[in-house]
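The next block holds one structure in the form of structure tokens; read it before the comments.
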Amino acid sequence: MTNASRPLPRPTPETQHFWDGTKHGELRLQRCNECDHIYFPPRPFCPACSSRAVEVFKASGRGRLLSYVINYRPHPAWQGPYAIAIVELNEGPRMMSNIVGCDQTPEALQLDMPLTVKFEQFSEEIFLPLFMPTGSV
Amino acid sequence: MSSVAIVGAAETTELGVIPHMSQLQLHADAALNTLADAGLTAADIDGVATAGESPTAIAHYLGITPKWVDGTQVGGCSFMIHVRHAVAAIQQGMCETVLITHGESGRSGIGRGGFRGGGSDSLAGQFEAPYGVVGPPTMFTLPVLRYMKQYGMSHEQLAMVAVVQREWASRNPRASFRELITVDDVLNSRMIAYPFHLLECCLVTDGGGALILVSGERAADFPRKPVFVIGTGESVETPMISQMEDLTSSRAFRVAGAEAMKAAGIGHDDVQHMMIYDAFAHLPIYGLEDLGFCERGEAASFIWEGHTRPGGRLPLNTNGGGLSYMHSGMYGMYALQESVRQLRGVAPAQVEGAEISLCLGVGGMFGASGCVVMSNIGP
């Protein structure tokens, strides 16, 4: 366990499947069985057509770097500047995350670079989905 | 006035002890049942009112693009007041189909994030806070690298927004910062959240403001030159910056701006003075494009070429804006004040002959928008 001073999520009944997924090494998204819309963040109905007929599925865990900032202001969980990113998943939805396994610089963080999810444990219950450049170890 | 009717009504599927639903989902469950009761889907809704959660959170969660919202939150009677506002809004043609929601995990206390959604069980608490966001400088700024890549905007062009607004501020004795600056000054100022430097972020200052409105028939009874509200618009998009539909454009700006201009019956060429809430340097760029004053990707060049500076054809943020004039946290009041000063003809950096001013506000981080078009010419 690292970075204990990050504010960690407290799952709700509608998001529990997502956080159960990250614990089991799965990035879980939801799909509407009526209109096929794939969406995030979790909710037990489709935000495109209001249907409650939705299912949870395991996503590829792949995406691309859509945008980011490199924060220079202090945060108790980080030492030095760190990137806060928006990742667009291959399935379509976007999520905020951090990019790990590479320098936190504009040179290293190229928009549209392919990313792969990496689950890191921050508490007994919480594994956060972070992303690393695809192909890096 | 035409009458207004209630055509859908329902409660949550369960009542009593519901520990398997968050407060947000209780709103949604009631809303989905009510939509079904009326034979509608979220796509049919164009107005949202709620209390206990923000209308932004409710609209985004349900997938609604409203052009009218009411977050009036005054306790248990808030929903009666929402009904009253909704009747007025529908009669005025501001929207056609209003959804009013309530949900409260009063017993189980699940997901009671609060109005600003700050709890660790709110969606933002679960899906943004863990990644190190620390206030607006790390959230409001997030879309901009994508805009820069998509449209080729340079760091220098972004910096120019601050340079031009300082030029306006230099003419305003009440502005916090009045010394002229250059693009190099901006780019050499301290990095806050790449690509944003200190001078591309708003001030943090103290202040206040207020307005008084009366019916147009009474306007002539007061000592100051009246400023008429000739069009308004509003919308919300998402409480989470990471969930913006398009990182290069604000949906709330587009909806609120178009609604206000349509209600005012004006075209772009009719606007002689403009205010765009500038918490950060990219906001005027997004605002100019989302309201159609510039084509997509062209607002940075428009500002670079001097069209918004003193003497330009579209004077913008003439008090110096949030970047140089003041920014107390909720700057919108100050933007309205400057529009009123300009239309009264008493602004420190007066735009000669300005008759129509458009004032575009933002709420949250591209979460919400309100737009007001004003004129000093009576109806």
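Following the order of the structure tokens, first chain is A, next is B, and so on, with residues numbered from 1 inside each chain and ligands from 1 in the order they appear.
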Test item: residues at most 8 Å from Arg43 of chain A, only C-alpha atoms, excluding those fewer than 2 positions along its chain, as a list of chain:residue names
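My reading of the contact set: A:Glu14, A:Thr15, A:Phe40, A:Pro41, A:Phe45, A:Cys46, B:Gln25, B:Tyr61.
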Print the selection's residues with N, CA and C atoms to a file, as a PDB file, in the first residue's frame.
ATOM      1  N   GLU A  14     -24.564   1.502  -6.236  1.00  0.00           N
ATOM      2  CA  GLU A  14     -24.544   1.549  -7.700  1.00  0.00           C
ATOM      3  C   GLU A  14     -23.134   1.459  -8.276  1.00  0.00           C
ATOM      4  N   THR A  15     -22.124   1.731  -7.456  1.00  0.00           N
ATOM      5  CA  THR A  15     -20.742   1.726  -7.976  1.00  0.00           C
ATOM      6  C   THR A  15     -19.949   0.536  -7.443  1.00  0.00           C
ATOM      7  N   PHE A  40     -20.039   5.329 -18.428  1.00  0.00           N
ATOM      8  CA  PHE A  40     -19.317   5.460 -17.170  1.00  0.00           C
ATOM      9  C   PHE A  40     -19.498   6.911 -16.759  1.00  0.00           C
ATOM     10  N   PRO A  41     -19.562   7.252 -15.479  1.00  0.00           N
ATOM     11  CA  PRO A  41     -19.505   6.404 -14.296  1.00  0.00           C
ATOM     12  C   PRO A  41     -20.755   5.548 -14.108  1.00  0.00           C
ATOM     13  N   PHE A  45     -28.965   2.316 -14.804  1.00  0.00           N
ATOM     14  CA  PHE A  45     -29.877   2.602 -15.925  1.00  0.00           C
ATOM     15  C   PHE A  45     -29.062   3.326 -16.983  1.00  0.00           C
ATOM     16  N   CYS A  46     -29.619   3.398 -18.183  1.00  0.00           N
ATOM     17  CA  CYS A  46     -28.867   3.967 -19.302  1.00  0.00           C
ATOM     18  C   CYS A  46     -29.097   5.481 -19.399  1.00  0.00           C
TER      19      CYS A  46
ATOM     20  N   GLN B  25     -29.176   7.833  -6.510  1.00  0.00           N
ATOM     21  CA  GLN B  25     -29.987   6.829  -7.193  1.00  0.00           C
ATOM     22  C   GLN B  25     -31.448   6.904  -6.764  1.00  0.00           C
ATOM     23  N   TYR B  61     -26.552  12.671 -14.429  1.00  0.00           N
ATOM     24  CA  TYR B  61     -26.772  11.265 -14.070  1.00  0.00           C
ATOM     25  C   TYR B  61     -27.880  10.659 -14.924  1.00  0.00           C
TER      26      TYR B  61
END
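With only C-alpha atoms taken into account, the protein and nucleic acid residues at most 6 Å from Ile84 of chain A (excluding it and anything under 4 positions from it in its own chain) are A:Tyr68, A:Val69, A:Asn98.
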Extract, using only C-alpha atoms, all DNA, RNA and protein residues at most 8 Å from Trp168 of chain B, discarding same-chain residues fewer than 6 positions from it, and format them as a PyMOL selection string.
chain B and resi 309-310+317-320+349
Could you make a table, as a tab-separated table, of the residues of chain B that have an atom within 6 Å of an atom of chain A, each with its nearest atom pair and distance in Å to one decimal, counting only C-alpha atoms, in chain and number order?
residue	atom	partner	partner_atom	distance
B:His20	CA	A:Pro13	CA	5.2
B:Met21	CA	A:Pro13	CA	5.5
B:Ser22	CA	A:Thr12	CA	5.9
B:Thr41	CA	A:Ser50	CA	5.9
B:Leu62	CA	A:Pro47	CA	5.1
B:Gly63	CA	A:Pro47	CA	4.3
B:Ser120	CA	A:Pro9	CA	5.1
B:Asp121	CA	A:Arg10	CA	4.5
B:Gly125	CA	A:Pro9	CA	5.9
B:Gln126	CA	A:Pro9	CA	4.1
B:Glu128	CA	A:Met96	CA	5.9
B:Pro130	CA	A:Pro7	CA	5.2
B:Tyr131	CA	A:Ser97	CA	5.6
B:Leu142	CA	A:Tyr68	CA	5.3
B:Pro143	CA	A:Ser67	CA	6.0
B:Leu145	CA	A:Ser67	CA	5.6
B:Arg146	CA	A:Ser67	CA	5.2
B:Ile192	CA	A:Tyr72	CA	5.2
B:Ala193	CA	A:Asn71	CA	4.2
B:Tyr194	CA	A:Ile70	CA	4.8
B:Ser242	CA	A:Met96	CA	5.6
Skip Arg31 of chain A itself and residues of its chain fewer than 2 positions away, then list as number ranges by chain all residues within 6 Å of it, counting only C-alpha atoms.
A: 36-38, 54-55
Keeping only C-alpha atoms, take the residues you just selected and write them out as a PDB file, in the first residue's frame.
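Dumped everything to out39.pdb:
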ATOM      1  CA  ASP A  36     -26.089  -0.686 -26.795  1.00  0.00           C
ATOM      2  CA  HIS A  37     -24.791   2.534 -25.233  1.00  0.00           C
ATOM      3  CA  ILE A  38     -21.647   1.960 -23.146  1.00  0.00           C
ATOM      4  CA  VAL A  54     -28.243  -2.716 -18.411  1.00  0.00           C
ATOM      5  CA  GLU A  55     -25.366  -5.105 -17.800  1.00  0.00           C
TER       6      GLU A  55
END
Distance of atom CA of Glu200 of chain B from atom CA of Gly312 of chain B, expressed in Å to one decimal place:
21.4 Å
Near-Tyr286 of chain B list (8 Å; only C-alpha atoms; drop same-chain fewer than 4 positions) as a list in words:
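Close residues of Tyr286 of chain B: Thr248, Ser249, Ser250, His282, Asp290 and Ala299 of chain B.
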